[in-house]
$ cat entry-v6.tsv   # TSV, C-alpha atoms
chain	number	residue	atom	x	y	z
A	1	MET	CA	43.28	65.28	-19.87
A	2	ILE	CA	40.20	65.85	-17.71
A	3	THR	CA	41.48	67.04	-14.35
A	4	ASN	CA	39.83	66.66	-10.98
A	5	LYS	CA	38.98	70.36	-11.10
A	6	VAL	CA	37.13	69.92	-14.40
A	7	ILE	CA	35.24	66.90	-13.08
A	8	ALA	CA	34.33	68.71	-9.89
A	9	PHE	CA	33.17	71.75	-11.82
A	10	SER	CA	31.10	69.57	-14.15
A	11	LEU	CA	29.42	67.87	-11.21
A	12	PHE	CA	28.78	71.27	-9.69
A	13	CYS	CA	27.12	72.33	-12.96
A	14	LEU	CA	24.98	69.21	-12.96
A	15	ALA	CA	23.69	70.07	-9.53
A	16	ILE	CA	22.83	73.69	-10.22
A	17	ALA	CA	21.89	73.76	-13.92
A	18	PRO	CA	18.12	73.30	-13.37
A	19	ASP	CA	18.10	76.56	-11.41
A	20	PHE	CA	20.04	78.55	-13.99
A	21	GLY	CA	18.28	77.57	-17.18
A	22	PRO	CA	19.12	75.67	-20.35
A	23	SER	CA	21.65	78.06	-21.86
A	24	PHE	CA	24.14	77.23	-19.16
A	25	GLY	CA	23.71	73.53	-19.72
A	26	LEU	CA	24.22	73.96	-23.43
A	27	LEU	CA	27.44	75.91	-23.21
A	28	PHE	CA	29.10	73.74	-20.61
A	29	ALA	CA	28.11	70.32	-21.88
A	30	LEU	CA	30.87	67.75	-21.84
A	31	PRO	CA	31.19	65.25	-24.73
A	32	VAL	CA	30.02	61.73	-23.95
A	33	ASN	CA	30.33	58.46	-25.79
A	34	GLY	CA	27.29	57.33	-27.69
A	35	PRO	CA	25.53	57.44	-31.05
A	36	LEU	CA	26.22	60.45	-33.19
A	37	ALA	CA	23.70	62.96	-34.42
A	38	GLY	CA	21.44	62.39	-37.31
A	39	ARG	CA	17.67	62.19	-37.17
A	40	ARG	CA	17.16	65.19	-39.45
A	41	PRO	CA	16.45	64.31	-43.11
A	42	PRO	CA	19.69	64.82	-45.10
A	43	HIS	CA	18.24	67.52	-47.38
A	44	ALA	CA	16.21	69.43	-44.79
A	45	ALA	CA	17.26	73.02	-44.18
A	46	LEU	CA	18.98	73.78	-40.91
A	47	SER	CA	17.21	76.25	-38.67
A	48	ALA	CA	19.91	78.89	-38.17
A	49	MET	CA	21.32	80.47	-41.33
A	50	ARG	CA	24.47	82.56	-41.36
A	51	LYS	CA	25.32	85.63	-43.46
A	52	GLN	CA	28.12	85.54	-46.00
A	53	TRP	CA	31.61	85.48	-44.53
A	54	SER	CA	33.98	88.40	-45.08
A	55	GLU	CA	37.74	87.90	-45.24
A	56	ALA	CA	38.08	89.94	-42.05
A	57	GLU	CA	35.72	87.57	-40.20
A	58	ARG	CA	37.58	84.51	-41.47
A	59	ASP	CA	40.97	85.98	-40.57
A	60	LYS	CA	39.79	86.87	-37.08
A	61	ILE	CA	39.26	83.19	-36.26
A	62	LEU	CA	42.10	81.70	-38.33
A	63	SER	CA	44.69	84.15	-36.98
A	64	ARG	CA	44.24	82.70	-33.50
A	65	SER	CA	46.32	79.82	-32.18
A	66	GLY	CA	44.98	77.35	-29.65
A	67	ASP	CA	42.00	77.90	-27.39
A	68	TYR	CA	39.97	81.09	-27.42
A	69	TRP	CA	37.46	82.37	-24.92
A	70	LYS	CA	35.78	85.64	-24.04
A	71	MET	CA	33.17	86.53	-21.47
A	72	ASP	CA	31.30	89.77	-20.82
A	73	ARG	CA	30.08	89.36	-17.23
A	74	LEU	CA	27.88	92.44	-17.36
A	75	ARG	CA	25.97	91.40	-20.48
A	76	GLY	CA	26.22	87.67	-19.82
A	77	LYS	CA	27.77	86.94	-23.21
A	78	VAL	CA	30.28	84.13	-23.59
A	79	SER	CA	32.14	82.69	-26.56
A	80	PHE	CA	34.80	80.02	-26.85
A	81	GLY	CA	36.52	77.89	-29.45
A	82	SER	CA	39.84	76.80	-30.85
A	83	SER	CA	42.04	77.27	-33.92
A	84	SER	CA	44.77	74.91	-35.05
A	85	PHE	CA	47.21	74.28	-37.90
A	86	ILE	CA	46.77	71.18	-40.06
A	87	ARG	CA	49.78	69.53	-41.69
A	88	THR	CA	49.53	66.21	-43.46
A	89	ALA	CA	52.05	64.46	-45.74
A	90	LEU	CA	50.58	62.68	-48.76
A	91	ASP	CA	52.32	59.71	-50.38
A	92	GLY	CA	53.45	60.33	-53.96
A	93	ALA	CA	52.20	63.92	-53.96
A	94	ASP	CA	53.45	66.95	-55.83
A	95	LYS	CA	52.01	70.45	-56.05
A	96	ASP	CA	50.05	69.79	-59.24
A	97	SER	CA	48.42	66.60	-57.97
A	98	ILE	CA	47.55	68.28	-54.68
A	99	GLN	CA	46.05	71.28	-56.46
A	100	ARG	CA	43.87	68.95	-58.55
A	101	TRP	CA	42.77	67.12	-55.41
A	102	LEU	CA	41.90	70.37	-53.65
A	103	ALA	CA	39.57	71.22	-56.54
A	104	ASP	CA	37.44	68.16	-55.64
A	105	ASP	CA	35.24	69.52	-52.82
A	106	ARG	CA	33.52	66.16	-52.23
A	107	SER	CA	36.79	64.30	-51.74
A	108	ILE	CA	38.00	66.97	-49.31
A	109	ALA	CA	34.71	66.90	-47.39
A	110	MET	CA	35.00	63.14	-46.93
A	111	SER	CA	38.60	63.63	-45.77
A	112	ILE	CA	37.91	66.36	-43.25
A	113	TRP	CA	35.22	64.45	-41.37
A	114	ASP	CA	34.10	60.86	-40.88
A	115	PRO	CA	32.29	60.01	-44.18
A	116	ASN	CA	29.53	58.29	-42.21
A	117	LEU	CA	28.72	61.65	-40.62
A	118	VAL	CA	28.67	63.73	-43.81
A	119	SER	CA	25.80	64.46	-46.21
A	120	ASN	CA	25.57	66.78	-49.21
A	121	PRO	CA	22.29	68.80	-49.07
A	122	LEU	CA	23.37	71.42	-51.65
A	123	PRO	CA	26.13	71.80	-54.26
A	124	LYS	CA	29.42	72.48	-52.47
A	125	VAL	CA	27.65	72.45	-49.08
A	126	TYR	CA	28.30	69.55	-46.73
A	127	ARG	CA	26.49	68.76	-43.51
A	128	LEU	CA	28.86	67.63	-40.76
A	129	LYS	CA	27.37	65.85	-37.78
A	130	LEU	CA	29.23	66.37	-34.53
A	131	MET	CA	29.61	64.11	-31.54
A	132	THR	CA	26.66	63.78	-29.19
A	133	LEU	CA	26.76	65.99	-26.08
A	134	MET	CA	24.76	65.24	-22.95
A	135	PHE	CA	24.04	67.60	-20.09
A	136	VAL	CA	21.54	66.73	-17.36
A	137	THR	CA	18.24	66.28	-19.25
A	138	ILE	CA	19.34	67.85	-22.53
A	139	GLN	CA	20.95	65.89	-25.34
A	140	LEU	CA	22.58	67.79	-28.19
A	141	ALA	CA	23.47	66.34	-31.55
A	142	PRO	CA	24.77	69.36	-33.52
A	143	SER	CA	25.01	69.56	-37.29
A	144	VAL	CA	26.81	72.28	-39.24
A	145	ASP	CA	26.36	73.03	-42.95
A	146	VAL	CA	29.78	73.97	-44.35
A	147	LYS	CA	30.40	75.50	-47.77
A	148	MET	CA	33.57	74.10	-49.37
A	149	TYR	CA	35.14	75.61	-52.46
A	150	THR	CA	38.43	76.57	-54.13
A	151	ASP	CA	39.25	80.26	-54.37
A	152	ASP	CA	39.80	80.90	-58.08
A	153	LYS	CA	42.27	83.72	-57.42
A	154	THR	CA	44.55	81.99	-54.90
A	155	GLY	CA	43.91	78.28	-55.42
A	156	VAL	CA	43.32	77.93	-51.68
A	157	PHE	CA	40.61	75.50	-50.65
A	158	LYS	CA	38.24	77.22	-48.20
A	159	LEU	CA	35.48	76.07	-45.90
A	160	GLU	CA	33.02	78.18	-43.93
A	161	SER	CA	29.82	77.41	-42.04
A	162	VAL	CA	26.60	78.70	-43.62
A	163	ALA	CA	24.02	77.17	-41.25
A	164	PHE	CA	23.80	75.09	-38.09
A	165	GLU	CA	21.35	73.10	-36.01
A	166	PRO	CA	22.04	72.37	-32.31
A	167	GLY	CA	20.02	69.14	-32.60
A	168	ILE	CA	18.47	69.53	-29.16
A	169	GLN	CA	16.49	66.56	-27.91
A	170	LEU	CA	14.56	67.21	-24.69
A	171	LEU	CA	13.64	64.32	-22.46
A	172	PRO	CA	9.98	63.82	-21.44
A	173	GLY	CA	8.78	66.13	-18.67
A	174	ILE	CA	11.13	69.01	-19.48
A	175	LYS	CA	9.12	72.24	-19.58
A	176	MET	CA	11.10	74.26	-22.07
A	177	SER	CA	11.23	74.59	-25.83
A	178	ALA	CA	14.20	73.64	-27.97
A	179	GLU	CA	13.92	77.03	-29.67
A	180	SER	CA	14.72	78.77	-26.39
A	181	LEU	CA	18.23	77.27	-26.37
A	182	GLY	CA	19.85	79.75	-28.74
A	183	ILE	CA	23.52	79.34	-29.66
A	184	VAL	CA	25.76	80.34	-32.59
A	185	ILE	CA	28.30	77.95	-34.16
A	186	ASP	CA	30.94	79.33	-36.56
A	187	VAL	CA	33.46	77.19	-38.46
A	188	VAL	CA	36.12	78.29	-40.98
A	189	GLY	CA	39.19	76.72	-42.50
A	190	GLU	CA	41.59	76.60	-45.43
A	191	LEU	CA	43.94	74.12	-47.12
A	192	TYR	CA	46.77	74.57	-49.62
A	193	PRO	CA	49.84	72.65	-50.89
A	194	SER	CA	52.76	72.59	-48.48
A	195	ARG	CA	55.90	74.47	-49.52
A	196	ASP	CA	57.74	71.27	-50.41
A	197	GLY	CA	54.74	70.01	-52.42
A	198	LYS	CA	54.60	66.73	-50.52
A	199	GLY	CA	51.43	67.36	-48.53
A	200	VAL	CA	48.86	69.91	-47.47
A	201	ASP	CA	49.02	72.66	-44.88
A	202	GLY	CA	46.18	74.73	-43.53
A	203	LYS	CA	44.20	75.86	-40.56
A	204	ILE	CA	40.79	75.25	-39.06
A	205	GLY	CA	38.93	77.13	-36.34
A	206	PHE	CA	35.54	77.23	-34.67
A	207	VAL	CA	33.72	79.46	-32.20
A	208	THR	CA	30.59	78.73	-30.17
A	209	SER	CA	28.81	81.62	-28.46
A	210	GLY	CA	25.74	82.16	-26.31
A	211	ASP	CA	24.31	83.68	-23.14
A	212	LEU	CA	24.92	83.02	-19.46
A	213	PRO	CA	22.17	83.57	-16.86
A	214	PRO	CA	23.05	86.18	-14.18
A	215	PRO	CA	24.10	83.78	-11.37
A	216	MET	CA	26.75	82.13	-13.55
A	217	ARG	CA	28.52	85.40	-14.29
A	218	MET	CA	30.06	85.38	-10.82
A	219	LEU	CA	31.84	82.01	-11.13
A	220	PRO	CA	35.67	82.09	-11.13
A	221	GLU	CA	37.27	82.61	-14.52
A	222	GLN	CA	39.38	79.46	-14.23
A	223	ALA	CA	36.27	77.33	-13.81
A	224	PHE	CA	34.94	78.53	-17.16
A	225	LYS	CA	38.28	78.10	-18.91
A	226	SER	CA	38.80	74.53	-17.66
A	227	SER	CA	35.40	73.33	-18.84
A	228	MET	CA	35.64	75.08	-22.21
A	229	SER	CA	39.15	73.74	-22.79
A	230	THR	CA	37.87	70.18	-22.43
A	231	ILE	CA	35.20	70.73	-25.07
A	232	ASN	CA	37.63	72.50	-27.42
A	233	SER	CA	40.29	69.80	-27.23
A	234	THR	CA	37.77	67.00	-27.82
A	235	ILE	CA	36.33	68.58	-30.97
A	236	MET	CA	39.70	69.66	-32.38
A	237	LYS	CA	41.32	66.28	-31.73
A	238	PHE	CA	38.51	64.52	-33.59
A	239	ALA	CA	38.80	66.92	-36.55
A	240	GLN	CA	42.58	66.64	-36.83
A	241	GLU	CA	42.66	62.85	-36.56
A	242	SER	CA	39.80	62.47	-39.06
A	243	PHE	CA	41.58	64.65	-41.61
A	244	GLN	CA	45.00	63.07	-41.25
A	245	LYS	CA	43.54	59.61	-41.81
A	246	GLY	CA	40.96	60.63	-44.44
A	247	ALA	CA	43.31	62.80	-46.50
A	248	ARG	CA	45.81	60.00	-47.02
A	249	GLU	CA	43.07	57.56	-48.02
A	250	LYS	CA	41.17	59.91	-50.36
A	251	PHE	CA	44.31	61.25	-52.05
A	252	ARG	CA	45.32	57.71	-53.08
A	253	GLU	CA	41.93	57.03	-54.69

$ encode --input "entry-v6.tsv" --output "structure tokens"
Amino acid sequence: MITNKVIAFSLFCLAIAPDFGPSFGLLFALPVNGPLAGRRPPHAALSAMRKQWSEAERDKILSRSGDYWKMDRLRGKVSFGSSSFIRTALDGADKDSIQRWLADDRSIAMSIWDPNLVSNPLPKVYRLKLMTLMFVTIQLAPSVDVKMYTDDKTGVFKLESVAFEPGIQLLPGIKMSAESLGIVIDVVGELYPSRDGKGVDGKIGFVTSGDLPPPMRMLPEQAFKSSMSTINSTIMKFAQESFQKGAREKFRE
């Protein structure tokens, strides 16, 4: 639920963002209804590539529960995100049929996200388009390239971001470059048969990080947490609902 405090803080941000620069607007954007991202050619490379994930990096995000946030006021660094369990029952499932299904990365990709917002630029890499975000004169339509594969040793289906594109669209008259709006988007997850063999369990998590200009570092901590919580819950709710619906449909195919 968006509280009066969150709305008031958002309006406050709208009023002062032009003075504090684009990074602030990017990090505190609130989701809005509207068309989803997608003007980039489906096989074009995304601008920001990520190094290979280590198990320690994956575990750091997946071991969390609920919202996460961290801010270094002195350096102006901020990061926030959310991690959540996924549990979905599948009609007529058993462990063997689920394990076979988890080996089909394309079917899982179309289950995790709205199929209309997924493309396949590389083998086992799927581009997920996120909801459009709007803040003052900056519109963001993020895309994340996610590698999806089954771990041969454990049989666990894994996903991890390998590239991202903020999808920044500047309105006419804005004197700044899209390249100056630097952020980092990390996504990881895993799926495996539930203990009773009648569905899938797993976890998904994401973290967005960036910089805050000096004036914003003095704002109350609760103001940051309220705004970030709204963004986190919106993204996580969409992901969970998409998977619960998509998994049941794709498993029956």

$ closest_residue --input "entry-v6.tsv" --among "A:Val200, A:Ala89, A:Thr208, A:Met71" --to "Pro142 (chain A)" --atoms "all atoms listed in the file"
A:Thr208

$ residues_around --input "entry-v6.tsv" --residues "Ser79 (chain A)" --least-positions-apart "2" --cutoff "10 Å" --atoms "all atoms listed in the file" --output "PyMOL selection string"
chain A and resi 27+68-72+77+81+183-185+207-211+228

$ closest_residue --input "entry-v6.tsv" --among "A:Leu74, A:Val156, A:Leu62, A:Met148" --to "Arg100 (chain A)" --atoms "only C-alpha atoms"
A:Val156

$ residues_around --input "entry-v6.tsv" --residues "Ser242 (chain A)" --least-positions-apart "5" --cutoff "7 Å" --atoms "all atoms listed in the file" --output "list in words"
Ser111, Ile112, Trp113 and Asp114 of chain A

$ build_atoms --input "entry-v6.tsv" --residues "region 94-105 of chain A" --atoms "all heavy atoms" --output "PDB file, in the coordinates of the input"
ATOM      1  N   ASP A  94      52.710  65.769 -55.405  1.00  0.00           N
ATOM      2  CA  ASP A  94      53.450  66.950 -55.830  1.00  0.00           C
ATOM      3  C   ASP A  94      52.432  68.093 -55.883  1.00  0.00           C
ATOM      4  O   ASP A  94      51.235  67.881 -55.695  1.00  0.00           O
ATOM      5  CB  ASP A  94      54.142  66.746 -57.177  1.00  0.00           C
ATOM      6  CG  ASP A  94      53.184  66.351 -58.289  1.00  0.00           C
ATOM      7  OD1 ASP A  94      52.042  66.860 -58.316  1.00  0.00           O
ATOM      8  OD2 ASP A  94      53.559  65.528 -59.139  1.00  0.00           O
ATOM      9  N   LYS A  95      52.907  69.296 -56.129  1.00  0.00           N
ATOM     10  CA  LYS A  95      52.010  70.450 -56.050  1.00  0.00           C
ATOM     11  C   LYS A  95      50.852  70.372 -57.044  1.00  0.00           C
ATOM     12  O   LYS A  95      49.721  70.746 -56.724  1.00  0.00           O
ATOM     13  CB  LYS A  95      52.805  71.749 -56.252  1.00  0.00           C
ATOM     14  CG  LYS A  95      53.669  72.110 -55.051  1.00  0.00           C
ATOM     15  CD  LYS A  95      54.260  73.500 -55.185  1.00  0.00           C
ATOM     16  CE  LYS A  95      55.052  73.866 -53.940  1.00  0.00           C
ATOM     17  NZ  LYS A  95      55.633  75.242 -54.016  1.00  0.00           N
ATOM     18  N   ASP A  96      51.122  69.873 -58.249  1.00  0.00           N
ATOM     19  CA  ASP A  96      50.050  69.790 -59.240  1.00  0.00           C
ATOM     20  C   ASP A  96      48.976  68.791 -58.836  1.00  0.00           C
ATOM     21  O   ASP A  96      47.780  69.072 -58.959  1.00  0.00           O
ATOM     22  CB  ASP A  96      50.632  69.408 -60.607  1.00  0.00           C
ATOM     23  CG  ASP A  96      51.439  70.535 -61.231  1.00  0.00           C
ATOM     24  OD1 ASP A  96      51.240  71.701 -60.822  1.00  0.00           O
ATOM     25  OD2 ASP A  96      52.274  70.247 -62.108  1.00  0.00           O
ATOM     26  N   SER A  97      49.395  67.623 -58.365  1.00  0.00           N
ATOM     27  CA  SER A  97      48.420  66.600 -57.970  1.00  0.00           C
ATOM     28  C   SER A  97      47.617  67.050 -56.757  1.00  0.00           C
ATOM     29  O   SER A  97      46.416  66.778 -56.655  1.00  0.00           O
ATOM     30  CB  SER A  97      49.109  65.265 -57.690  1.00  0.00           C
ATOM     31  OG  SER A  97      50.019  65.376 -56.615  1.00  0.00           O
ATOM     32  N   ILE A  98      48.268  67.769 -55.847  1.00  0.00           N
ATOM     33  CA  ILE A  98      47.550  68.280 -54.680  1.00  0.00           C
ATOM     34  C   ILE A  98      46.553  69.349 -55.088  1.00  0.00           C
ATOM     35  O   ILE A  98      45.418  69.380 -54.595  1.00  0.00           O
ATOM     36  CB  ILE A  98      48.544  68.842 -53.630  1.00  0.00           C
ATOM     37  CG1 ILE A  98      49.372  67.706 -53.030  1.00  0.00           C
ATOM     38  CG2 ILE A  98      47.797  69.590 -52.524  1.00  0.00           C
ATOM     39  CD1 ILE A  98      50.466  68.178 -52.104  1.00  0.00           C
ATOM     40  N   GLN A  99      46.948  70.220 -56.015  1.00  0.00           N
ATOM     41  CA  GLN A  99      46.050  71.280 -56.460  1.00  0.00           C
ATOM     42  C   GLN A  99      44.815  70.690 -57.147  1.00  0.00           C
ATOM     43  O   GLN A  99      43.696  71.183 -56.963  1.00  0.00           O
ATOM     44  CB  GLN A  99      46.771  72.215 -57.409  1.00  0.00           C
ATOM     45  CG  GLN A  99      46.167  73.617 -57.469  1.00  0.00           C
ATOM     46  CD  GLN A  99      46.294  74.374 -56.160  1.00  0.00           C
ATOM     47  OE1 GLN A  99      47.382  74.712 -55.732  1.00  0.00           O
ATOM     48  NE2 GLN A  99      45.164  74.634 -55.510  1.00  0.00           N
ATOM     49  N   ARG A 100      45.015  69.610 -57.923  1.00  0.00           N
ATOM     50  CA  ARG A 100      43.870  68.950 -58.550  1.00  0.00           C
ATOM     51  C   ARG A 100      42.960  68.331 -57.489  1.00  0.00           C
ATOM     52  O   ARG A 100      41.727  68.394 -57.604  1.00  0.00           O
ATOM     53  CB  ARG A 100      44.354  67.874 -59.529  1.00  0.00           C
ATOM     54  CG  ARG A 100      44.974  68.415 -60.800  1.00  0.00           C
ATOM     55  CD  ARG A 100      45.120  67.324 -61.843  1.00  0.00           C
ATOM     56  NE  ARG A 100      45.985  66.240 -61.398  1.00  0.00           N
ATOM     57  CZ  ARG A 100      47.305  66.209 -61.568  1.00  0.00           C
ATOM     58  NH1 ARG A 100      47.915  67.216 -62.196  1.00  0.00           N
ATOM     59  NH2 ARG A 100      48.019  65.183 -61.148  1.00  0.00           N
ATOM     60  N   TRP A 101      43.554  67.747 -56.481  1.00  0.00           N
ATOM     61  CA  TRP A 101      42.770  67.120 -55.410  1.00  0.00           C
ATOM     62  C   TRP A 101      41.982  68.172 -54.636  1.00  0.00           C
ATOM     63  O   TRP A 101      40.813  67.958 -54.305  1.00  0.00           O
ATOM     64  CB  TRP A 101      43.705  66.355 -54.477  1.00  0.00           C
ATOM     65  CG  TRP A 101      43.001  65.657 -53.355  1.00  0.00           C
ATOM     66  CD1 TRP A 101      42.018  64.710 -53.456  1.00  0.00           C
ATOM     67  CD2 TRP A 101      43.231  65.846 -51.958  1.00  0.00           C
ATOM     68  NE1 TRP A 101      41.614  64.300 -52.208  1.00  0.00           N
ATOM     69  CE2 TRP A 101      42.346  64.981 -51.267  1.00  0.00           C
ATOM     70  CE3 TRP A 101      44.086  66.648 -51.222  1.00  0.00           C
ATOM     71  CZ2 TRP A 101      42.296  64.907 -49.887  1.00  0.00           C
ATOM     72  CZ3 TRP A 101      44.060  66.564 -49.837  1.00  0.00           C
ATOM     73  CH2 TRP A 101      43.172  65.712 -49.180  1.00  0.00           C
ATOM     74  N   LEU A 102      42.586  69.317 -54.392  1.00  0.00           N
ATOM     75  CA  LEU A 102      41.900  70.370 -53.650  1.00  0.00           C
ATOM     76  C   LEU A 102      40.732  70.966 -54.427  1.00  0.00           C
ATOM     77  O   LEU A 102      39.877  71.636 -53.842  1.00  0.00           O
ATOM     78  CB  LEU A 102      42.892  71.487 -53.270  1.00  0.00           C
ATOM     79  CG  LEU A 102      43.952  71.119 -52.223  1.00  0.00           C
ATOM     80  CD1 LEU A 102      44.902  72.299 -52.001  1.00  0.00           C
ATOM     81  CD2 LEU A 102      43.310  70.699 -50.905  1.00  0.00           C
ATOM     82  N   ALA A 103      40.697  70.734 -55.731  1.00  0.00           N
ATOM     83  CA  ALA A 103      39.570  71.220 -56.540  1.00  0.00           C
ATOM     84  C   ALA A 103      38.350  70.300 -56.438  1.00  0.00           C
ATOM     85  O   ALA A 103      37.275  70.636 -56.927  1.00  0.00           O
ATOM     86  CB  ALA A 103      39.991  71.347 -58.000  1.00  0.00           C
ATOM     87  N   ASP A 104      38.517  69.138 -55.798  1.00  0.00           N
ATOM     88  CA  ASP A 104      37.440  68.160 -55.640  1.00  0.00           C
ATOM     89  C   ASP A 104      36.823  68.336 -54.255  1.00  0.00           C
ATOM     90  O   ASP A 104      37.267  67.731 -53.285  1.00  0.00           O
ATOM     91  CB  ASP A 104      37.992  66.749 -55.817  1.00  0.00           C
ATOM     92  CG  ASP A 104      36.913  65.671 -55.777  1.00  0.00           C
ATOM     93  OD1 ASP A 104      35.756  65.988 -55.416  1.00  0.00           O
ATOM     94  OD2 ASP A 104      37.238  64.510 -56.076  1.00  0.00           O
ATOM     95  N   ASP A 105      35.792  69.186 -54.139  1.00  0.00           N
ATOM     96  CA  ASP A 105      35.240  69.520 -52.820  1.00  0.00           C
ATOM     97  C   ASP A 105      34.668  68.284 -52.115  1.00  0.00           C
ATOM     98  O   ASP A 105      34.751  68.171 -50.891  1.00  0.00           O
ATOM     99  CB  ASP A 105      34.176  70.604 -52.933  1.00  0.00           C
ATOM    100  CG  ASP A 105      33.087  70.286 -53.940  1.00  0.00           C
ATOM    101  OD1 ASP A 105      33.289  70.569 -55.133  1.00  0.00           O
ATOM    102  OD2 ASP A 105      32.037  69.762 -53.545  1.00  0.00           O
TER     103      ASP A 105
END
